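**Student:** Contents are CSV, C-alpha atoms; file name final-v6.csv:
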chain,number,residue,atom,x,y,z
A,1,MET,CA,8.0,51.7,-25.1
A,2,LYS,CA,7.3,52.1,-21.4
A,3,PHE,CA,3.6,51.6,-22.1
A,4,LEU,CA,4.4,48.3,-24.0
A,5,ILE,CA,6.5,47.1,-21.1
A,6,LEU,CA,3.8,47.9,-18.6
A,7,LEU,CA,1.2,46.3,-20.7
A,8,SER,CA,3.2,43.2,-21.2
A,9,PHE,CA,3.8,43.1,-17.4
A,10,PHE,CA,0.1,43.4,-16.7
A,11,LEU,CA,-0.7,40.7,-19.3
A,12,LEU,CA,1.8,38.4,-17.8
A,13,LEU,CA,0.4,39.1,-14.3
A,14,PHE,CA,-3.1,38.4,-15.6
A,15,PHE,CA,-2.0,35.2,-17.2
A,16,LEU,CA,-0.3,34.1,-14.0
A,17,ILE,CA,-3.3,34.9,-11.9
A,18,SER,CA,-5.7,33.2,-14.3
A,19,GLN,CA,-3.4,30.1,-14.2
A,20,THR,CA,-3.2,30.0,-10.5
A,21,LYS,CA,-5.6,27.5,-9.0
A,22,ILE,CA,-6.7,28.2,-5.6
A,23,GLU,CA,-7.3,24.9,-4.0
A,24,ALA,CA,-8.9,24.8,-0.6
A,25,GLN,CA,-8.4,21.4,0.9
A,26,VAL,CA,-11.2,20.6,3.3
A,27,SER,CA,-9.8,18.1,5.7
A,28,VAL,CA,-12.1,15.5,7.0
A,29,ILE,CA,-13.0,16.0,10.6
A,30,ASN,CA,-13.7,12.8,12.4
A,31,ALA,CA,-15.1,14.4,15.5
A,32,SER,CA,-17.1,12.7,18.1
A,33,ILE,CA,-18.5,14.5,21.2
A,34,TYR,CA,-15.8,14.2,23.8
A,35,GLN,CA,-17.8,13.2,26.9
A,36,ILE,CA,-16.2,14.0,30.1
A,37,PRO,CA,-17.4,11.8,33.0
A,38,TYR,CA,-18.5,14.0,35.8
A,39,TYR,CA,-20.7,13.8,38.9
A,40,TYR,CA,-21.8,15.8,41.8
A,41,ILE,CA,-23.9,15.6,44.9
A,42,ILE,CA,-26.0,18.1,46.7
A,43,VAL,CA,-26.8,17.7,50.3
A,44,SER,CA,-29.9,19.1,52.0
A,45,ASP,CA,-29.4,22.1,54.3
A,46,LYS,CA,-30.7,20.2,57.2
A,47,LEU,CA,-28.3,17.3,56.6
A,48,PHE,CA,-25.4,19.7,56.2
A,49,GLU,CA,-26.2,21.3,59.6
A,50,GLY,CA,-25.4,17.9,61.1
A,51,ILE,CA,-27.6,15.1,62.6
A,52,LEU,CA,-28.9,16.0,66.0
A,53,TYR,CA,-30.9,13.5,67.9
A,54,THR,CA,-33.9,14.1,70.0
A,55,ASN,CA,-36.6,12.1,71.7
A,56,GLU,CA,-39.8,11.3,69.9
A,57,THR,CA,-41.7,14.3,71.2
A,58,GLY,CA,-39.0,16.5,70.0
A,59,ALA,CA,-39.1,15.0,66.5
A,60,MET,CA,-42.6,16.4,65.9
A,61,GLN,CA,-41.5,19.9,66.9
A,62,ASN,CA,-37.9,19.6,65.5
A,63,VAL,CA,-36.4,20.6,68.8
A,64,GLN,CA,-33.5,18.8,70.4
A,65,TYR,CA,-34.5,17.6,73.9
A,66,PRO,CA,-32.1,15.7,76.1
A,67,LEU,CA,-32.3,11.9,75.5
A,68,LEU,CA,-33.1,9.4,78.1
A,69,SER,CA,-30.5,6.8,79.0
A,70,GLY,CA,-31.7,3.4,77.9
A,71,SER,CA,-34.1,4.8,75.3
A,72,THR,CA,-34.2,3.4,71.8
A,73,ASN,CA,-35.0,4.6,68.3
A,74,ASN,CA,-34.6,8.3,69.1
A,75,ASN,CA,-35.2,10.3,66.0
A,76,ALA,CA,-32.9,12.7,64.4
A,77,ILE,CA,-34.5,16.2,64.6
A,78,TRP,CA,-35.4,16.4,60.9
A,79,ASN,CA,-36.5,12.8,60.4
A,80,TYR,CA,-40.0,14.2,60.2
A,81,ASN,CA,-41.1,17.7,59.3
A,82,LYS,CA,-44.7,18.9,59.6
A,83,SER,CA,-45.7,17.0,56.5
A,84,TYR,CA,-44.1,13.8,58.0
A,85,GLN,CA,-41.4,13.9,55.4
A,86,THR,CA,-37.7,13.7,56.1
A,87,GLU,CA,-35.6,16.8,55.5
A,88,TYR,CA,-32.4,14.7,55.1
A,89,TRP,CA,-31.6,13.9,51.5
A,90,ILE,CA,-28.7,13.6,49.0
A,91,ALA,CA,-29.2,14.4,45.4
A,92,PHE,CA,-27.0,12.8,42.7
A,93,MET,CA,-26.3,14.2,39.3
A,94,GLY,CA,-23.8,13.2,36.7
A,95,ASN,CA,-23.3,11.6,33.3
A,96,ILE,CA,-21.9,8.4,34.8
A,97,PRO,CA,-23.5,6.4,37.6
A,98,GLY,CA,-22.0,6.7,41.1
A,99,ASP,CA,-22.1,4.9,44.5
A,100,ILE,CA,-22.7,6.9,47.7
A,101,CYS,CA,-21.4,5.7,51.0
A,102,HIS,CA,-21.4,7.2,54.5
A,103,GLY,CA,-20.2,6.5,58.0
A,104,ALA,CA,-18.7,8.2,61.0
A,105,THR,CA,-15.2,9.1,61.7
A,106,ASN,CA,-15.4,7.8,65.3
A,107,HIS,CA,-17.7,6.6,68.0
A,108,LEU,CA,-19.9,9.2,69.7
A,109,CYS,CA,-17.6,10.7,72.2
A,110,SER,CA,-18.0,13.2,75.0
A,111,THR,CA,-14.5,14.8,74.5
A,112,PRO,CA,-12.9,16.0,71.3
A,113,ASN,CA,-10.8,13.3,69.6
A,114,CYS,CA,-12.3,10.7,72.0
A,115,SER,CA,-9.3,11.3,74.3
A,116,GLY,CA,-8.8,12.0,78.0
A,117,PRO,CA,-9.8,10.3,81.2
A,118,ASN,CA,-13.2,12.0,81.2
A,119,ASN,CA,-14.2,10.7,77.8
A,120,PHE,CA,-17.4,8.6,77.6
A,121,GLN,CA,-18.4,7.1,74.4
A,122,ILE,CA,-21.4,5.5,72.8
A,123,ASP,CA,-20.6,2.9,70.3
A,124,ILE,CA,-21.5,4.1,66.8
A,125,SER,CA,-23.5,0.9,66.1
A,126,ASN,CA,-26.2,2.4,68.3
A,127,ALA,CA,-26.8,4.9,65.6
A,128,LYS,CA,-28.9,3.6,62.7
A,129,TRP,CA,-29.9,4.8,59.3
A,130,SER,CA,-32.3,4.0,56.5
A,131,SER,CA,-32.5,5.3,53.0
A,132,SER,CA,-35.3,5.3,50.4
A,133,LEU,CA,-36.1,6.9,47.0
A,134,GLN,CA,-39.5,7.8,48.4
A,135,ASN,CA,-40.2,10.4,51.0
A,136,ASP,CA,-43.3,9.8,53.2
A,137,GLN,CA,-44.2,8.9,56.7
A,138,ASN,CA,-43.2,5.2,56.2
A,139,ASN,CA,-40.2,5.6,53.9
A,140,PRO,CA,-37.3,5.6,54.8
A,141,SER,CA,-38.4,3.1,57.4
A,142,LEU,CA,-37.0,2.1,60.7
A,143,SER,CA,-37.6,-1.6,59.9
A,144,ASN,CA,-34.8,-1.4,57.2
A,145,ALA,CA,-32.4,0.5,59.4
A,146,LYS,CA,-28.8,-0.5,59.5
A,147,PRO,CA,-26.2,0.4,62.1
A,148,PHE,CA,-23.5,2.9,61.4
A,149,VAL,CA,-19.9,1.9,61.1
A,150,ILE,CA,-16.6,3.8,61.6
A,151,GLY,CA,-15.2,4.9,58.2
A,152,PHE,CA,-17.3,4.2,55.2
A,153,ASP,CA,-19.7,1.3,55.1
A,154,ASN,CA,-18.7,-0.4,51.9
A,155,ASN,CA,-21.1,-3.3,52.5
A,156,ASN,CA,-24.2,-1.2,53.0
A,157,LYS,CA,-23.9,1.7,50.6
A,158,VAL,CA,-26.5,4.5,50.7
A,159,SER,CA,-27.0,4.1,47.0
A,160,LYS,CA,-25.5,1.9,44.4
A,161,ASN,CA,-25.3,2.6,40.6
A,162,THR,CA,-27.1,5.8,41.2
A,163,GLN,CA,-28.3,7.5,38.0
A,164,ASN,CA,-28.5,11.1,37.1
A,165,ASN,CA,-31.1,13.2,38.9
A,166,THR,CA,-31.7,10.8,41.8
A,167,ILE,CA,-32.7,12.0,45.3
A,168,ILE,CA,-32.0,9.6,48.2
A,169,TYR,CA,-33.9,10.3,51.3
A,170,LEU,CA,-32.5,9.4,54.7
A,171,ARG,CA,-33.6,9.0,58.3
A,172,TYR,CA,-31.4,8.4,61.4
A,173,TRP,CA,-32.1,6.9,64.8
A,174,LEU,CA,-30.1,6.5,68.0
A,175,ASP,CA,-30.3,4.0,70.8
A,176,LEU,CA,-28.8,4.9,74.1
A,177,PRO,CA,-27.3,2.2,76.2
A,178,PRO,CA,-28.5,2.1,79.9
A,179,ALA,CA,-26.5,4.1,82.3
A,180,THR,CA,-25.1,6.5,79.7
A,181,PRO,CA,-23.9,9.7,81.5
A,182,ALA,CA,-25.8,12.8,80.6
A,183,LEU,CA,-23.2,14.6,78.4
A,184,ASN,CA,-22.9,15.9,74.8
A,185,TYR,CA,-21.7,13.3,72.4
A,186,ASN,CA,-20.2,14.1,69.0
A,187,THR,CA,-18.7,12.5,66.0
A,188,THR,CA,-18.3,13.6,62.3
A,189,TYR,CA,-20.7,12.2,59.8
A,190,GLN,CA,-19.0,11.7,56.4
A,191,ILE,CA,-20.4,11.1,52.9
A,192,ARG,CA,-18.4,9.8,50.0
A,193,LEU,CA,-19.2,9.7,46.3
A,194,VAL,CA,-17.3,7.2,44.1
A,195,TYR,CA,-18.0,5.9,40.6
A,196,ALA,CA,-20.3,2.9,40.4
A,197,GLY,CA,-18.8,-0.4,41.5
A,198,GLU,CA,-15.8,1.2,43.2
A,199,SER,CA,-14.9,0.7,46.8
A,200,CYS,CA,-15.5,3.6,49.1
A,201,VAL,CA,-12.6,2.9,51.3
B,1,MET,CA,-5.3,16.9,17.9
B,2,GLN,CA,-6.4,20.6,17.8
B,3,VAL,CA,-9.9,19.5,17.0
B,4,ARG,CA,-9.9,17.2,20.0
B,5,ALA,CA,-8.7,20.1,22.2
B,6,VAL,CA,-11.4,22.4,20.9
B,7,PHE,CA,-14.0,19.7,21.6
B,8,LYS,CA,-12.7,19.1,25.1
B,9,LYS,CA,-13.0,22.8,25.8
B,10,LEU,CA,-16.5,22.9,24.3
B,11,SER,CA,-17.4,19.9,26.5
B,12,PHE,CA,-16.2,21.7,29.6
B,13,ILE,CA,-18.2,24.8,28.7
B,14,THR,CA,-21.3,22.6,28.0
B,15,ILE,CA,-20.9,20.7,31.3
B,16,PHE,CA,-20.6,23.9,33.3
B,17,SER,CA,-23.6,25.5,31.6
B,18,LEU,CA,-25.7,22.4,32.2
B,19,ILE,CA,-24.5,22.1,35.8
B,20,PHE,CA,-25.0,25.7,36.8
B,21,LEU,CA,-28.3,26.0,34.9
B,22,SER,CA,-29.7,22.9,36.6
B,23,SER,CA,-28.5,23.9,40.0
B,24,ALA,CA,-31.9,25.0,41.2
B,25,TYR,CA,-31.0,23.7,44.6
B,26,ALA,CA,-29.5,26.2,46.9
B,27,GLN,CA,-28.1,23.5,49.2
B,28,THR,CA,-24.6,22.4,49.7
B,29,GLY,CA,-22.9,20.4,47.0
B,30,VAL,CA,-19.7,19.6,45.4
B,31,GLY,CA,-18.7,17.9,42.1
B,32,ILE,CA,-15.7,16.6,40.2
B,33,PHE,CA,-14.7,15.9,36.6
B,34,PRO,CA,-13.4,13.9,35.0
B,35,ALA,CA,-14.6,11.2,37.5
B,36,LYS,CA,-12.4,8.7,35.7
B,37,ILE,CA,-9.1,9.2,34.0
B,38,GLU,CA,-6.8,6.9,32.1
B,39,ILE,CA,-3.3,8.1,31.5
B,40,GLU,CA,0.0,6.9,30.4
B,41,ALA,CA,3.2,8.1,32.0
B,42,PRO,CA,6.2,8.0,29.6
B,43,PHE,CA,9.5,6.8,30.9
B,44,LEU,CA,11.8,9.5,32.3
B,45,LYS,CA,9.2,12.2,32.0
B,46,ASN,CA,6.8,14.0,34.3
B,47,THR,CA,3.2,13.5,33.4
B,48,PHE,CA,0.5,16.0,34.4
B,49,THR,CA,-3.2,15.6,34.5
B,50,ASP,CA,-5.9,17.7,36.0
B,51,VAL,CA,-9.2,17.3,37.7
B,52,THR,CA,-11.7,20.1,38.2
B,53,ILE,CA,-13.7,20.5,41.4
B,54,PHE,CA,-16.7,22.6,41.3
B,55,ASN,CA,-19.2,24.1,43.7
B,56,PRO,CA,-22.7,23.9,42.2
B,57,SER,CA,-24.3,25.3,45.4
B,58,GLN,CA,-24.8,28.7,47.0
B,59,ARG,CA,-22.5,28.1,49.9
B,60,GLU,CA,-18.7,28.7,50.1
B,61,LEU,CA,-16.8,25.5,50.5
B,62,LYS,CA,-13.4,24.8,51.9
B,63,LEU,CA,-11.8,21.6,50.6
B,64,LYS,CA,-8.7,19.6,51.0
B,65,VAL,CA,-7.4,17.5,48.1
B,66,GLU,CA,-5.4,14.3,48.5
B,67,VAL,CA,-4.0,11.8,46.1
B,68,TYR,CA,-3.4,8.3,47.2
B,69,CYS,CA,-2.6,5.0,45.6
B,70,LYS,CA,-5.0,2.1,45.9
B,71,ASN,CA,-2.7,-0.7,44.7
B,72,CYS,CA,0.8,0.5,45.5
B,73,GLU,CA,1.3,-2.1,48.2
B,74,ARG,CA,2.3,-5.5,46.8
B,75,ASP,CA,3.2,-8.8,48.3
B,76,VAL,CA,6.8,-9.9,48.0
B,77,LYS,CA,7.1,-13.7,47.8
B,78,PHE,CA,10.0,-16.0,48.0
B,79,PHE,CA,9.2,-19.6,46.8
B,80,GLU,CA,5.5,-18.9,47.1
B,81,ASN,CA,6.0,-17.7,50.7
B,82,LYS,CA,5.1,-14.1,51.6
B,83,ILE,CA,8.2,-12.5,53.1
B,84,GLY,CA,7.0,-8.9,53.2
B,85,THR,CA,5.3,-6.1,51.3
B,86,LEU,CA,6.7,-3.6,48.9
B,87,THR,CA,5.0,-0.2,48.9
B,88,TYR,CA,5.8,2.0,45.9
B,89,ASP,CA,6.2,5.7,46.5
B,90,LEU,CA,5.8,7.5,43.2
B,91,ASP,CA,6.0,10.9,44.8
B,92,VAL,CA,2.7,12.0,43.2
B,93,LYS,CA,1.6,15.5,44.1
B,94,ALA,CA,-1.6,17.5,43.7
B,95,PHE,CA,-1.6,21.2,43.5
B,96,PRO,CA,-3.2,23.1,45.2
B,97,ASP,CA,-4.0,20.8,48.0
B,98,THR,CA,-6.4,23.1,49.8
B,99,ILE,CA,-9.0,25.3,48.1
B,100,THR,CA,-11.8,27.6,48.9
B,101,LEU,CA,-14.6,27.4,46.4
B,102,GLN,CA,-17.0,30.3,46.0
B,103,PRO,CA,-20.6,29.4,44.9
B,104,MET,CA,-20.8,28.4,41.3
B,105,MET,CA,-17.1,28.4,40.9
B,106,GLU,CA,-14.6,25.7,39.8
B,107,GLN,CA,-11.0,25.0,40.5
B,108,ARG,CA,-8.5,22.9,38.5
B,109,ILE,CA,-6.2,20.6,40.5
B,110,MET,CA,-3.0,19.7,38.8
B,111,VAL,CA,-1.7,16.2,39.5
B,112,LYS,CA,2.0,15.4,38.8
B,113,PHE,CA,3.3,11.8,38.2
B,114,PRO,CA,7.1,11.8,37.9
B,115,ASN,CA,8.5,8.7,36.1
B,116,SER,CA,12.2,8.5,37.0
B,117,LEU,CA,14.8,5.8,36.1
B,118,LEU,CA,14.4,4.1,39.5
B,119,LEU,CA,11.2,3.6,41.4
B,120,LYS,CA,11.3,4.3,45.1
B,121,GLY,CA,9.7,1.8,47.4
B,122,ILE,CA,9.7,0.7,51.0
B,123,PHE,CA,10.1,-3.0,51.7
B,124,LYS,CA,8.4,-4.0,55.0
B,125,THR,CA,9.1,-7.2,56.7
B,126,THR,CA,9.0,-8.7,60.1
B,127,ILE,CA,12.3,-9.9,61.7
B,128,PHE,CA,12.1,-11.5,65.2
B,129,GLY,CA,8.6,-10.1,65.7
B,130,LYS,CA,9.7,-6.6,64.9
B,131,GLU,CA,8.5,-4.8,61.8
B,132,ILE,CA,11.1,-3.0,59.8
B,133,GLY,CA,11.0,-0.9,56.7
B,134,ILE,CA,13.9,-0.8,54.2
B,135,PRO,CA,13.9,1.9,51.4
B,136,VAL,CA,14.6,0.3,48.1
B,137,TYR,CA,15.1,1.7,44.5
B,138,LEU,CA,14.0,-0.5,41.7
B,139,PHE,CA,14.2,-0.6,37.9
B,140,HIS,CA,10.8,-0.9,36.4
B,141,PHE,CA,10.3,-2.8,33.2
B,142,ASP,CA,7.7,-2.4,30.4
B,143,GLU,CA,4.7,-1.1,32.2
B,144,GLU,CA,3.3,-1.1,35.7
B,145,LYS,CA,-0.4,-0.3,36.4
B,146,PHE,CA,-1.3,1.8,39.3
B,147,GLU,CA,-4.7,2.9,40.5
B,148,TYR,CA,-4.7,6.4,42.0
B,149,ARG,CA,-7.5,8.4,43.6
B,150,VAL,CA,-7.9,12.1,43.9
B,151,VAL,CA,-10.1,12.7,46.9
B,152,ALA,CA,-11.6,16.2,47.6
B,153,SER,CA,-13.2,16.5,51.0
B,154,THR,CA,-14.9,19.4,52.7
B,155,VAL,CA,-13.2,20.7,55.8
B,156,SER,CA,-14.5,23.0,58.6
B,157,ALA,CA,-18.0,21.8,57.9
B,158,PRO,CA,-20.5,20.0,60.2
B,159,ILE,CA,-20.4,17.0,57.9
B,160,GLU,CA,-17.6,15.8,55.6
B,161,ILE,CA,-18.5,15.4,52.0
B,162,SER,CA,-15.8,13.8,49.8
B,163,LEU,CA,-15.7,12.9,46.1
B,164,VAL,CA,-13.4,10.6,44.3
B,165,SER,CA,-11.9,10.8,40.9
B,166,GLY,CA,-10.2,7.6,39.8
B,167,ILE,CA,-6.9,7.6,37.8
B,168,SER,CA,-5.8,4.5,36.0
B,169,LEU,CA,-2.1,5.0,35.5
B,170,LYS,CA,0.0,3.1,33.0
B,171,PHE,CA,3.5,3.7,34.2
B,172,LEU,CA,6.0,2.9,31.4
B,173,GLY,CA,9.4,1.7,32.2
B,174,ILE,CA,12.5,0.3,30.4
B,175,SER,CA,11.7,-2.2,27.7
B,176,LYS,CA,13.0,-5.6,28.8
B,177,ILE,CA,14.6,-6.3,25.4
B,178,TYR,CA,16.4,-3.0,25.4
B,179,PHE,CA,17.6,-3.6,28.9
B,180,ILE,CA,19.0,-7.0,28.0
B,181,LEU,CA,20.6,-5.6,24.9
B,182,ALA,CA,22.1,-2.8,26.9
B,183,ILE,CA,23.5,-5.3,29.4
B,184,LEU,CA,24.9,-7.4,26.6
B,185,VAL,CA,26.6,-4.4,25.0
B,186,LEU,CA,28.0,-3.3,28.3
B,187,LEU,CA,29.4,-6.9,28.8
B,188,LEU,CA,30.9,-6.9,25.4
B,189,ILE,CA,32.6,-3.5,26.0
B,190,ALA,CA,33.8,-4.7,29.4
B,191,SER,CA,35.2,-7.9,28.0
B,192,PHE,CA,36.9,-6.0,25.2
B,193,VAL,CA,38.5,-3.5,27.6
B,194,TYR,CA,39.6,-6.5,29.8
B,195,TYR,CA,41.1,-8.1,26.7
B,196,LEU,CA,43.0,-5.0,25.7
B,197,TYR,CA,44.2,-4.6,29.3
B,198,ASN,CA,45.5,-8.2,29.3
B,199,LYS,CA,47.1,-7.8,25.9
B,200,LYS,CA,49.0,-4.7,27.1
B,201,ILE,CA,50.3,-6.6,30.2
B,202,TYR,CA,51.3,-9.5,28.0
B,203,GLU,CA,53.1,-7.2,25.6
B,204,LYS,CA,54.8,-5.5,28.6
B,205,TYR,CA,56.1,-8.8,29.9
B,206,GLU,CA,57.1,-10.0,26.5
B,207,LYS,CA,59.4,-7.0,26.1
B,208,ILE,CA,61.1,-7.8,29.4
Here is the file; what I need is its structure written in the form of structure tokens.
**Tutor:**
Amino acid sequence: MKFLILLSFFLLLFFLISQTKIEAQVSVINASIYQIPYYYIIVSDKLFEGILYTNETGAMQNVQYPLLSGSTNNNAIWNYNKSYQTEYWIAFMGNIPGDICHGATNHLCSTPNCSGPNNFQIDISNAKWSSSLQNDQNNPSLSNAKPFVIGFDNNNKVSKNTQNNTIIYLRYWLDLPPATPALNYNTTYQIRLVYAGESCV
Amino acid sequence: MQVRAVFKKLSFITIFSLIFLSSAYAQTGVGIFPAKIEIEAPFLKNTFTDVTIFNPSQRELKLKVEVYCKNCERDVKFFENKIGTLTYDLDVKAFPDTITLQPMMEQRIMVKFPNSLLLKGIFKTTIFGKEIGIPVYLFHFDEEKFEYRVVASTVSAPIEISLVSGISLKFLGISKIYFILAILVLLLIASFVYYLYNKKIYEKYEKI
């Protein structure tokens, strides 16, 4: 009797299992690659050290010599290396284009924050810059140089609509007005990356 | 939704792998993603978004993070004449606001957009040649569009490098229709209460 009950139970179980349909519903995945816009810049070591100006002789030796009052187009130290190439560059990478701007936070001042009665300043427009995608003796060239501005120069961007893997080479020069006192003058150089077409300020 | 989240995560990993593999440069650099964000801030809720700042170089970087609005200042006109400006203050915060990034590391920055019933603003105008600012609280209807920027800048460095991530914010407010309906309902209730009150007084005097 027990055997019959067990047998019928197993038969019922078998019947139920055989009747059970296992349906795996494969959902349709409408997946597209989710592209996250990103960008970054790399600044050369020499540029990150800051822009130090020297006279022309110094430029060839990459040594900062005192500048002469009234002199013009004094080179930044790494405008030319031994191969006559600039060591100042900014590299742009990203999956969307970007614009790069630069400028100075203040005029070139002899005291911190340009304050105090002993402060002498050189107008920042005496500092000039030029950019190029080529790096040789003639590029970036002095003939294309533009004066620096305070803040970010939105009218003269370093690079517009910059595409992935672009290296922008830079050179800097400084004019000294006559009768400039022999002091150390400083400001902060600033670089800003925004997406293409956007204002830097 | 889950699929989208997985793809987002995969994209993050892919981006990082590509960035760090391609960082043959040992110089100083900084990056940000997403460089552009479009978000919607629902009414009466806090909305969060995040941007990631990364250091693809071999140098440690100290950065400060600021959030500011590009178009929060709007002209206030009276019969086509400008009488002042209204500057919205949405109390947007970024956390953390200062970070130190080790080489090849990244940091997520959380940005919070609170959307309360009333929007705080400062109305600035000039009276007798003197500029004054009056704090105001305003209802905001349907949707307002704001352009925000998350700016990460290097600090304590010989030069300042900054990157911008743009946030287009659709700030949802009260629906104008619902607001008008709510006012109508309130008026109806008020007039009904007033009617009952009058009726009571009437009945009181009738008894006398």
**Student:** Determine which residues of chain B sit within 7 Å of chain A, taking into account only C-alpha atoms, and present them as a list in words.
**Tutor:**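 Residues of chain B within 7 Å of chain A, counting only C-alpha atoms: Phe7, Lys8, Ser11, Gln27, Thr28, Gly29, Val30, Gly31, Ile32, Phe33, Pro34, Ala35, Lys36, Pro158, Ile159, Glu160, Ile161, Ser162, Leu163 and Val164 of chain B.
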**Student:** Ranking B:Gly173, B:Pro42, B:Pro56, B:Gly84 by minimum distance to Thr126 of chain B and counting all atoms listed in the file, which one comes first?
**Tutor:**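 Closest to Thr126 of chain B, using all atoms listed in the file: B:Gly84.
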**Student:** What separation in Å, quoted to one decimal, exists between atom CA of His140 of chain B and atom CA of Glu80 of chain B?
**Tutor:**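 Separation of atom CA of His140 of chain B and atom CA of Glu80 of chain B: 21.6 Å.
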**Student:** Need the shell around segment 134-138 of chain A: protein/DNA/RNA residues with any atom at most 10 Å away, counting only C-alpha atoms. Skip same-chain ones fewer than 4 positions apart. Format as an mmCIF file with C-alpha atoms, in the coordinates of the input?
**Tutor:**
data_model
loop_
_atom_site.group_PDB
_atom_site.id
_atom_site.type_symbol
_atom_site.label_atom_id
_atom_site.label_comp_id
_atom_site.auth_asym_id
_atom_site.auth_seq_id
_atom_site.Cartn_x
_atom_site.Cartn_y
_atom_site.Cartn_z
ATOM 1 C CA ASN A 79 -36.500 12.800 60.400
ATOM 2 C CA TYR A 80 -40.000 14.200 60.200
ATOM 3 C CA ASN A 81 -41.100 17.700 59.300
ATOM 4 C CA SER A 83 -45.700 17.000 56.500
ATOM 5 C CA TYR A 84 -44.100 13.800 58.000
ATOM 6 C CA GLN A 85 -41.400 13.900 55.400
ATOM 7 C CA THR A 86 -37.700 13.700 56.100
ATOM 8 C CA GLU A 87 -35.600 16.800 55.500
ATOM 9 C CA TYR A 88 -32.400 14.700 55.100
ATOM 10 C CA TRP A 89 -31.600 13.900 51.500
ATOM 11 C CA LEU A 142 -37.000 2.100 60.700
ATOM 12 C CA SER A 143 -37.600 -1.600 59.900
ATOM 13 C CA ILE A 167 -32.700 12.000 45.300
ATOM 14 C CA ILE A 168 -32.000 9.600 48.200
ATOM 15 C CA TYR A 169 -33.900 10.300 51.300
ATOM 16 C CA LEU A 170 -32.500 9.400 54.700
ATOM 17 C CA ARG A 171 -33.600 9.000 58.300
#
**Student:** Could you state the separation of atom CA of Asn161 of chain A and atom CA of Asp99 of chain A in Å, given to one decimal place?
**Tutor:**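 Atom CA of Asn161 of chain A sits 5.5 Å away from atom CA of Asp99 of chain A.
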**Student:** List as a ChimeraX atom specification the protein and nucleic acid residues near Phe141 of chain B, meaning an atom at most 7 Å away when all atoms listed in the file are counted, but skip any in the same chain fewer than 2 places from it.
**Tutor:** /B:139,143,173-176
**Student:** For the atom pair atom CA of Ser191 of chain B and atom CA of Tyr137 of chain B, what is the interatomic distance in Å to one decimal place?
**Tutor:**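 Result for atom CA of Ser191 of chain B versus atom CA of Tyr137 of chain B: 27.7 Å, one decimal.
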**Student:** Write out as a VMD selection string the residues lying within 10 Å of Asn71 of chain B, counting all atoms listed in the file and excluding same-chain residues fewer than 2 positions away.
**Tutor:** chain B and resid 68 to 69 73 to 74 87 to 88 145 to 148
**Student:** Can you write just those residues out, C-alpha atoms, as a PDB file, keeping the file's coordinate frame?
**Tutor:**
ATOM      1  CA  TYR B  68      -3.400   8.300  47.200  1.00  0.00           C
ATOM      2  CA  CYS B  69      -2.600   5.000  45.600  1.00  0.00           C
ATOM      3  CA  GLU B  73       1.300  -2.100  48.200  1.00  0.00           C
ATOM      4  CA  ARG B  74       2.300  -5.500  46.800  1.00  0.00           C
ATOM      5  CA  THR B  87       5.000  -0.200  48.900  1.00  0.00           C
ATOM      6  CA  TYR B  88       5.800   2.000  45.900  1.00  0.00           C
ATOM      7  CA  LYS B 145      -0.400  -0.300  36.400  1.00  0.00           C
ATOM      8  CA  PHE B 146      -1.300   1.800  39.300  1.00  0.00           C
ATOM      9  CA  GLU B 147      -4.700   2.900  40.500  1.00  0.00           C
ATOM     10  CA  TYR B 148      -4.700   6.400  42.000  1.00  0.00           C
TER      11      TYR B 148
END
**Student:** Using all atoms listed in the file, can you tell me which of B:Asp97, B:Glu38, B:Asp89, B:Asp50 comes closest to Thr154 of chain B?
**Tutor:** B:Asp97
